[in-house]
file work.cif (mmCIF, C-alpha atoms)
data_final
loop_
_atom_site.label_atom_id
_atom_site.label_comp_id
_atom_site.auth_asym_id
_atom_site.auth_seq_id
_atom_site.Cartn_x
_atom_site.Cartn_y
_atom_site.Cartn_z
CA GLY L 26 177.32 -64.70 23.49
CA GLU L 27 175.34 -62.70 26.02
CA ASN L 28 171.54 -62.87 25.91
CA VAL L 29 169.52 -60.13 27.60
CA GLU L 30 165.76 -60.29 28.12
CA GLN L 31 163.69 -57.34 29.28
CA HIS L 32 160.15 -57.06 30.66
CA PRO L 33 157.64 -55.55 30.30
CA SER L 34 157.66 -54.24 26.74
CA THR L 35 155.25 -51.45 27.66
CA LEU L 36 154.43 -49.91 31.02
CA SER L 37 151.88 -47.26 31.82
CA VAL L 38 151.87 -45.60 35.25
CA GLN L 39 150.20 -42.58 36.73
CA GLU L 40 152.30 -39.59 37.61
CA GLY L 41 153.75 -40.03 41.08
CA ASP L 42 153.62 -43.82 41.01
CA SER L 43 156.69 -46.08 40.80
CA ALA L 44 157.85 -47.99 37.74
CA VAL L 45 159.93 -51.16 37.72
CA ILE L 46 161.60 -52.70 34.67
CA LYS L 47 163.37 -56.03 34.86
CA CYS L 48 166.14 -57.66 32.85
CA THR L 49 167.81 -61.04 32.92
CA TYR L 50 171.17 -61.91 31.43
CA SER L 51 172.84 -65.17 30.55
CA ASP L 52 176.60 -64.72 31.00
CA SER L 53 177.48 -65.28 34.67
CA ALA L 54 180.79 -63.47 34.08
CA SER L 55 179.01 -60.19 33.26
CA ASN L 56 180.08 -57.47 35.68
CA TYR L 57 178.57 -54.24 34.39
CA PHE L 58 174.90 -53.39 33.88
CA PRO L 59 173.88 -50.03 32.44
CA TRP L 60 170.41 -48.62 31.84
CA TYR L 61 169.69 -46.26 28.99
CA LYS L 62 166.83 -43.86 28.32
CA GLN L 63 165.96 -43.16 24.72
CA GLU L 64 163.70 -40.27 23.83
CA LEU L 65 162.11 -39.94 20.42
CA GLY L 66 164.68 -39.19 17.72
CA LYS L 67 167.65 -39.35 20.08
CA GLY L 68 170.37 -41.79 20.96
CA PRO L 69 170.44 -43.87 24.14
CA GLN L 70 171.45 -41.85 27.19
CA LEU L 71 173.02 -43.55 30.19
CA ILE L 72 170.90 -42.91 33.27
CA ILE L 73 172.41 -45.29 35.79
CA ASP L 74 174.69 -48.30 35.91
CA ILE L 75 175.82 -50.85 38.42
CA ARG L 76 178.85 -53.07 38.75
CA SER L 77 178.78 -56.57 40.08
CA ASN L 78 180.46 -55.76 43.39
CA VAL L 79 177.34 -53.99 44.70
CA GLY L 80 173.72 -55.01 44.96
CA GLU L 81 172.04 -51.63 44.68
CA LYS L 82 172.76 -48.14 43.48
CA LYS L 83 170.58 -45.07 43.78
CA ASP L 84 170.61 -41.68 42.13
CA GLN L 85 167.76 -39.45 43.27
CA ARG L 86 164.54 -41.00 41.92
CA ILE L 87 166.31 -43.76 40.02
CA ALA L 88 167.74 -46.96 41.46
CA VAL L 89 169.12 -50.18 40.07
CA THR L 90 169.25 -53.50 41.90
CA LEU L 91 171.34 -56.50 40.94
CA ASN L 92 170.89 -60.15 41.87
CA LYS L 93 173.93 -62.00 40.55
CA THR L 94 172.72 -65.38 41.77
CA ALA L 95 169.52 -65.09 39.77
CA LYS L 96 171.24 -63.14 36.96
CA HIS L 97 168.78 -60.32 36.89
CA PHE L 98 168.83 -56.59 37.44
CA SER L 99 166.03 -54.07 37.71
CA LEU L 100 165.45 -50.37 37.19
CA HIS L 101 163.26 -48.58 39.71
CA ILE L 102 161.88 -45.10 39.10
CA THR L 103 160.00 -43.51 41.99
CA GLU L 104 157.68 -40.49 41.91
CA THR L 105 157.39 -40.72 38.15
CA GLN L 106 156.95 -37.54 36.13
CA PRO L 107 155.72 -37.00 32.56
CA GLU L 108 159.29 -36.34 31.42
CA ASP L 109 160.17 -39.89 32.43
CA SER L 110 158.11 -41.09 29.46
CA ALA L 111 160.57 -42.73 27.04
CA VAL L 112 161.93 -46.10 25.98
CA TYR L 113 164.29 -47.68 28.49
CA PHE L 114 166.91 -50.27 27.57
CA CYS L 115 169.00 -52.47 29.79
CA ALA L 116 172.31 -53.77 28.48
CA SER L 117 175.22 -55.99 29.36
CA PRO L 118 178.69 -56.45 27.88
CA GLY L 119 178.91 -60.13 28.79
CA ASN L 120 182.27 -61.29 30.03
CA THR L 121 184.36 -58.75 28.19
CA GLY L 122 183.94 -55.75 30.45
CA THR L 123 182.81 -52.18 29.97
CA ALA L 124 184.80 -51.41 26.82
CA SER L 125 183.32 -54.11 24.65
CA LYS L 126 180.11 -54.51 22.73
CA LEU L 127 176.84 -54.14 24.57
CA THR L 128 173.96 -56.55 24.19
CA PHE L 129 170.73 -54.64 24.66
CA GLY L 130 167.38 -55.75 25.92
CA THR L 131 164.33 -55.30 23.73
CA GLY L 132 163.28 -52.09 25.46
CA THR L 133 160.40 -50.93 27.64
CA ARG L 134 158.17 -48.10 26.53
CA LEU L 135 157.23 -46.20 29.69
CA GLN L 136 154.24 -43.90 29.58
CA VAL L 137 153.59 -41.65 32.56
CA THR L 138 150.06 -40.34 32.51
CA LEU L 139 148.70 -37.32 34.35
CA GLU D 10 179.44 -32.43 28.92
CA PRO D 11 181.43 -33.89 25.99
CA GLU D 12 179.30 -35.27 23.16
CA VAL D 13 179.56 -37.74 20.33
CA THR D 14 178.54 -35.89 17.16
CA GLN D 15 176.98 -37.59 14.15
CA THR D 16 176.27 -36.24 10.69
CA PRO D 17 174.01 -36.16 8.83
CA SER D 18 171.00 -36.56 11.11
CA HIS D 19 168.98 -37.96 8.22
CA GLN D 20 170.17 -39.51 4.97
CA VAL D 21 167.96 -40.68 2.13
CA THR D 22 169.60 -42.79 -0.55
CA GLN D 23 168.56 -44.92 -3.47
CA MET D 24 168.96 -48.65 -3.29
CA GLY D 25 172.36 -49.67 -4.60
CA GLN D 26 174.07 -46.41 -3.73
CA GLU D 27 176.92 -46.01 -1.28
CA VAL D 28 176.56 -43.93 1.88
CA ILE D 29 179.05 -42.69 4.42
CA LEU D 30 177.91 -41.93 7.95
CA ARG D 31 180.16 -39.70 9.95
CA CYS D 32 180.95 -39.47 13.64
CA VAL D 33 183.21 -37.42 15.86
CA PRO D 34 183.82 -39.41 19.06
CA ILE D 35 184.80 -37.82 22.35
CA SER D 36 188.40 -36.72 22.01
CA ASN D 37 190.05 -38.72 24.79
CA HIS D 38 188.09 -41.93 24.19
CA LEU D 39 189.91 -44.89 22.70
CA TYR D 40 187.16 -47.33 21.70
CA PHE D 41 184.63 -46.50 19.01
CA TYR D 42 181.52 -48.34 17.92
CA TRP D 43 178.68 -48.43 15.47
CA TYR D 44 175.27 -49.75 16.46
CA ARG D 45 172.09 -50.06 14.44
CA GLN D 46 168.44 -49.79 15.47
CA ILE D 47 165.74 -50.84 13.05
CA LEU D 48 162.50 -48.94 13.74
CA GLY D 49 160.78 -50.27 16.84
CA GLN D 50 163.49 -52.82 17.60
CA LYS D 51 166.40 -53.02 19.98
CA VAL D 52 169.82 -51.53 19.48
CA GLU D 53 172.21 -53.99 17.81
CA PHE D 54 176.00 -54.03 17.82
CA LEU D 55 177.72 -53.73 14.45
CA VAL D 56 181.42 -53.15 15.05
CA SER D 57 184.00 -51.95 17.53
CA PHE D 58 187.23 -50.18 16.65
CA TYR D 59 190.38 -49.74 18.68
CA ASN D 60 193.92 -48.70 17.85
CA ASN D 61 193.01 -48.12 14.21
CA GLU D 62 191.60 -51.54 13.58
CA ILE D 63 188.39 -53.50 14.02
CA SER D 64 188.41 -55.29 17.38
CA GLU D 65 185.08 -57.07 17.03
CA LYS D 66 182.23 -57.24 14.54
CA SER D 67 178.82 -58.85 14.44
CA GLU D 68 177.36 -61.11 11.80
CA ILE D 69 175.45 -58.09 10.51
CA PHE D 70 178.73 -56.38 9.62
CA ASP D 71 179.46 -58.17 6.36
CA ASP D 72 181.54 -57.13 3.34
CA GLN D 73 178.97 -54.45 2.54
CA PHE D 74 180.16 -52.46 5.56
CA SER D 75 183.48 -50.84 6.38
CA VAL D 76 184.77 -48.43 9.00
CA GLU D 77 187.57 -45.96 8.92
CA ARG D 78 189.24 -43.37 11.09
CA PRO D 79 190.61 -41.12 8.36
CA ASP D 80 192.10 -38.56 10.73
CA GLY D 81 192.45 -37.91 14.44
CA SER D 82 188.83 -36.93 14.99
CA ASN D 83 186.43 -38.59 12.53
CA PHE D 84 185.11 -42.14 12.54
CA THR D 85 183.08 -43.23 9.54
CA LEU D 86 180.79 -46.10 8.57
CA LYS D 87 180.54 -46.84 4.85
CA ILE D 88 177.72 -48.94 3.47
CA ARG D 89 178.27 -50.07 -0.11
CA SER D 90 175.37 -50.90 -2.39
CA THR D 91 172.63 -50.13 0.12
CA LYS D 92 169.60 -52.37 0.42
CA LEU D 93 166.09 -51.57 1.62
CA GLU D 94 166.73 -53.52 4.82
CA ASP D 95 169.63 -51.21 5.68
CA SER D 96 167.06 -48.56 6.59
CA ALA D 97 167.58 -47.90 10.29
CA MET D 98 169.00 -45.52 12.86
CA TYR D 99 172.77 -45.82 13.07
CA PHE D 100 174.41 -44.80 16.32
CA CYS D 101 178.05 -44.08 16.86
CA ALA D 102 179.46 -44.44 20.38
CA SER D 103 182.74 -44.13 22.21
CA THR D 104 183.80 -45.31 25.63
CA GLY D 105 185.76 -43.69 28.42
CA LEU D 106 186.01 -44.07 32.17
CA LYS D 107 182.27 -43.49 32.57
CA GLY D 108 181.28 -46.08 30.00
CA TYR D 109 179.50 -45.49 26.71
CA THR D 110 178.45 -42.18 25.22
CA PHE D 111 176.14 -42.46 22.22
CA GLY D 112 175.57 -39.93 19.50
CA SER D 113 172.08 -38.83 18.46
CA GLY D 114 172.16 -41.08 15.44
CA THR D 115 171.75 -40.91 11.68
CA ARG D 116 168.43 -42.02 10.28
CA LEU D 117 169.19 -43.84 7.03
CA THR D 118 166.31 -44.33 4.65
CA VAL D 119 166.92 -46.48 1.58
CA VAL D 120 164.30 -46.03 -1.15
#
call {"tool": "encode", "arguments": {"input": "work.cif", "output": "structure tokens"}}
result
Amino acid sequence: GENVEQHPSTLSVQEGDSAVIKCTYSDSASNYFPWYKQELGKGPQLIIDIRSNVGEKKDQRIAVTLNKTAKHFSLHITETQPEDSAVYFCASPGNTGTASKLTFGTGTRLQVTL
Amino acid sequence: EPEVTQTPSHQVTQMGQEVILRCVPISNHLYFYWYRQILGQKVEFLVSFYNNEISEKSEIFDDQFSVERPDGSNFTLKIRSTKLEDSAMYFCASTGLKGYTFGSGTRLTVV
């Protein structure tokens, strides 16, 4: 099955700085890579995703890059704000597409300090 | 924005008791899921459900667990004879064209 590794486990940045979280996956047939933000006491919320036919996708201050050769994808948050503080999870469905089970990374706790 | 609704938000039960966690997926979604998150750990897949039957389940989802779609809107997870290690957040999810939508979860505490 799919194996997803995520780094770092914790990340502290100053407000306004950029944050980068990286994930690697094992199944070369994976074609969909979502990122989720989880705030305290809530469920994972999709913030951005990318499919394997593109290398980068951007949505305002958030971007995701994908390197299929190296089997890794990264989340980039620019101009961080205190409300960005949360746990972020990457995920991958492996070779079974978007409607199948997701394998999650271990999460990154992002702390944006003033 | 359509939501996945879960009830209750918090459930406390005694070891050995049965619990039923309830979910209302988004109405036009066809795939439904249960995931579990033990405190401080990653989210883990339990089971997926499509066309009124289980399509995939993990090794966690043993005979203690069952799922049901009793009517056109609800999707339930039943845990028989709960154990202390069943204490976790349980998330329901459904998928549509935009991928997964997760509910806010039920915190199950087994005492």
call {"tool": "atom_distance", "arguments": {"input": "work.cif", "atom1": "atom CA of Leu100 of chain L", "atom2": "atom CA of Ser53 of chain L"}}
result
19.3 Å
call {"tool": "closest_residue", "arguments": {"input": "work.cif", "among": "L:Val45, L:Pro69, L:Thr103, L:His97", "to": "Asn28 of chain L", "atoms": "all atoms listed in the file"}}
result
L:His97
call {"tool": "interface_residues", "arguments": {"input": "work.cif", "of": "chain L", "to": "chain D", "cutoff": "8 Å", "atoms": "all atoms listed in the file", "output": "list in words"}}
result
Gly66, Lys67, Gly68, Pro69, Gln70, Leu71, Thr123, Ala124, Ser125, Lys126, Leu127, Thr128, Phe129, Gly130, Thr131 and Gly132 of chain L
call {"tool": "residues_around", "arguments": {"input": "work.cif", "residues": "segment 48-51 of chain L", "least_positions_apart": "5", "cutoff": "12 Å", "atoms": "all atoms listed in the file", "output": "number ranges by chain"}}
result
L: 26-34, 56-60, 89-101, 113-120, 127-133
call {"tool": "write_last_selection", "arguments": {"input": "work.cif", "atoms": "C-alpha atoms", "output": "mmCIF file, in the coordinates of the input"}}
result
data_model
loop_
_atom_site.group_PDB
_atom_site.id
_atom_site.type_symbol
_atom_site.label_atom_id
_atom_site.label_comp_id
_atom_site.auth_asym_id
_atom_site.auth_seq_id
_atom_site.Cartn_x
_atom_site.Cartn_y
_atom_site.Cartn_z
ATOM 1 C CA GLY L 26 177.320 -64.700 23.490
ATOM 2 C CA GLU L 27 175.340 -62.700 26.020
ATOM 3 C CA ASN L 28 171.540 -62.870 25.910
ATOM 4 C CA VAL L 29 169.520 -60.130 27.600
ATOM 5 C CA GLU L 30 165.760 -60.290 28.120
ATOM 6 C CA GLN L 31 163.690 -57.340 29.280
ATOM 7 C CA HIS L 32 160.150 -57.060 30.660
ATOM 8 C CA PRO L 33 157.640 -55.550 30.300
ATOM 9 C CA SER L 34 157.660 -54.240 26.740
ATOM 10 C CA ASN L 56 180.080 -57.470 35.680
ATOM 11 C CA TYR L 57 178.570 -54.240 34.390
ATOM 12 C CA PHE L 58 174.900 -53.390 33.880
ATOM 13 C CA PRO L 59 173.880 -50.030 32.440
ATOM 14 C CA TRP L 60 170.410 -48.620 31.840
ATOM 15 C CA VAL L 89 169.120 -50.180 40.070
ATOM 16 C CA THR L 90 169.250 -53.500 41.900
ATOM 17 C CA LEU L 91 171.340 -56.500 40.940
ATOM 18 C CA ASN L 92 170.890 -60.150 41.870
ATOM 19 C CA LYS L 93 173.930 -62.000 40.550
ATOM 20 C CA THR L 94 172.720 -65.380 41.770
ATOM 21 C CA ALA L 95 169.520 -65.090 39.770
ATOM 22 C CA LYS L 96 171.240 -63.140 36.960
ATOM 23 C CA HIS L 97 168.780 -60.320 36.890
ATOM 24 C CA PHE L 98 168.830 -56.590 37.440
ATOM 25 C CA SER L 99 166.030 -54.070 37.710
ATOM 26 C CA LEU L 100 165.450 -50.370 37.190
ATOM 27 C CA HIS L 101 163.260 -48.580 39.710
ATOM 28 C CA TYR L 113 164.290 -47.680 28.490
ATOM 29 C CA PHE L 114 166.910 -50.270 27.570
ATOM 30 C CA CYS L 115 169.000 -52.470 29.790
ATOM 31 C CA ALA L 116 172.310 -53.770 28.480
ATOM 32 C CA SER L 117 175.220 -55.990 29.360
ATOM 33 C CA PRO L 118 178.690 -56.450 27.880
ATOM 34 C CA GLY L 119 178.910 -60.130 28.790
ATOM 35 C CA ASN L 120 182.270 -61.290 30.030
ATOM 36 C CA LEU L 127 176.840 -54.140 24.570
ATOM 37 C CA THR L 128 173.960 -56.550 24.190
ATOM 38 C CA PHE L 129 170.730 -54.640 24.660
ATOM 39 C CA GLY L 130 167.380 -55.750 25.920
ATOM 40 C CA THR L 131 164.330 -55.300 23.730
ATOM 41 C CA GLY L 132 163.280 -52.090 25.460
ATOM 42 C CA THR L 133 160.400 -50.930 27.640
#
call {"tool": "resolve_selection", "arguments": {"input": "work.cif", "expression": "the PyMOL selection byres ((chain D and resi 17) around 10)", "output": "list in words"}}
result
Thr14, Gln15, Thr16, Ser18, His19, Gln20, Ile29, Leu30, Arg31, Cys32, Gly114, Thr115, Arg116 and Leu117 of chain D
call {"tool": "axis_aligned_box", "arguments": {"input": "work.cif", "around": "segment 38-57 of chain L", "padding_each_side": "4 Å", "output": "JSON"}}
result
{"center_x": 165.5, "center_y": -52.4, "center_z": 35.8, "size_x": 38.6, "size_y": 33.7, "size_z": 18.5}
call {"tool": "resolve_selection", "arguments": {"input": "work.cif", "expression": "the PyMOL selection byres ((chain L and resi 134) around 6)", "output": "PyMOL selection string"}}
result
chain L and resi 35+111-112+133+135
call {"tool": "atom_distance", "arguments": {"input": "work.cif", "atom1": "atom CA of Ile35 of chain D", "atom2": "atom CA of Arg89 of chain D"}}
result
26.4 Å
call {"tool": "resolve_selection", "arguments": {"input": "work.cif", "expression": "the PyMOL selection byres ((chain D and resi 94) around 10)", "output": "PDB file with C-alpha atoms, in the frame of the given file"}}
result
ATOM      1  CA  MET D  24     168.960 -48.650  -3.290  1.00  0.00           C
ATOM      2  CA  ILE D  47     165.740 -50.840  13.050  1.00  0.00           C
ATOM      3  CA  THR D  91     172.630 -50.130   0.120  1.00  0.00           C
ATOM      4  CA  LYS D  92     169.600 -52.370   0.420  1.00  0.00           C
ATOM      5  CA  LEU D  93     166.090 -51.570   1.620  1.00  0.00           C
ATOM      6  CA  ASP D  95     169.630 -51.210   5.680  1.00  0.00           C
ATOM      7  CA  SER D  96     167.060 -48.560   6.590  1.00  0.00           C
ATOM      8  CA  ALA D  97     167.580 -47.900  10.290  1.00  0.00           C
ATOM      9  CA  THR D 118     166.310 -44.330   4.650  1.00  0.00           C
ATOM     10  CA  VAL D 119     166.920 -46.480   1.580  1.00  0.00           C
ATOM     11  CA  VAL D 120     164.300 -46.030  -1.150  1.00  0.00           C
TER      12      VAL D 120
END
call {"tool": "closest_residue", "arguments": {"input": "work.cif", "among": "D:Ile88, D:Gln23, D:Glu68, D:Ser82", "to": "Asn37 of chain D", "atoms": "all atoms listed in the file"}}
result
D:Ser82
call {"tool": "residues_around", "arguments": {"input": "work.cif", "residues": "Asp109 of chain L", "least_positions_apart": "6", "cutoff": "9 Å", "atoms": "only C-alpha atoms", "output": "MDAnalysis selection string"}}
result
chainID L and resid 62 102 135:137
call {"tool": "atom_distance", "arguments": {"input": "work.cif", "atom1": "atom CA of Glu108 of chain L", "atom2": "atom CA of Glu64 of chain L"}}
result
9.6 Å
call {"tool": "closest_residue", "arguments": {"input": "work.cif", "among": "L:Gln63, L:Ser37, L:Ser55, L:Gln106", "to": "Ile87 of chain L", "atoms": "all atoms listed in the file"}}
result
L:Gln106
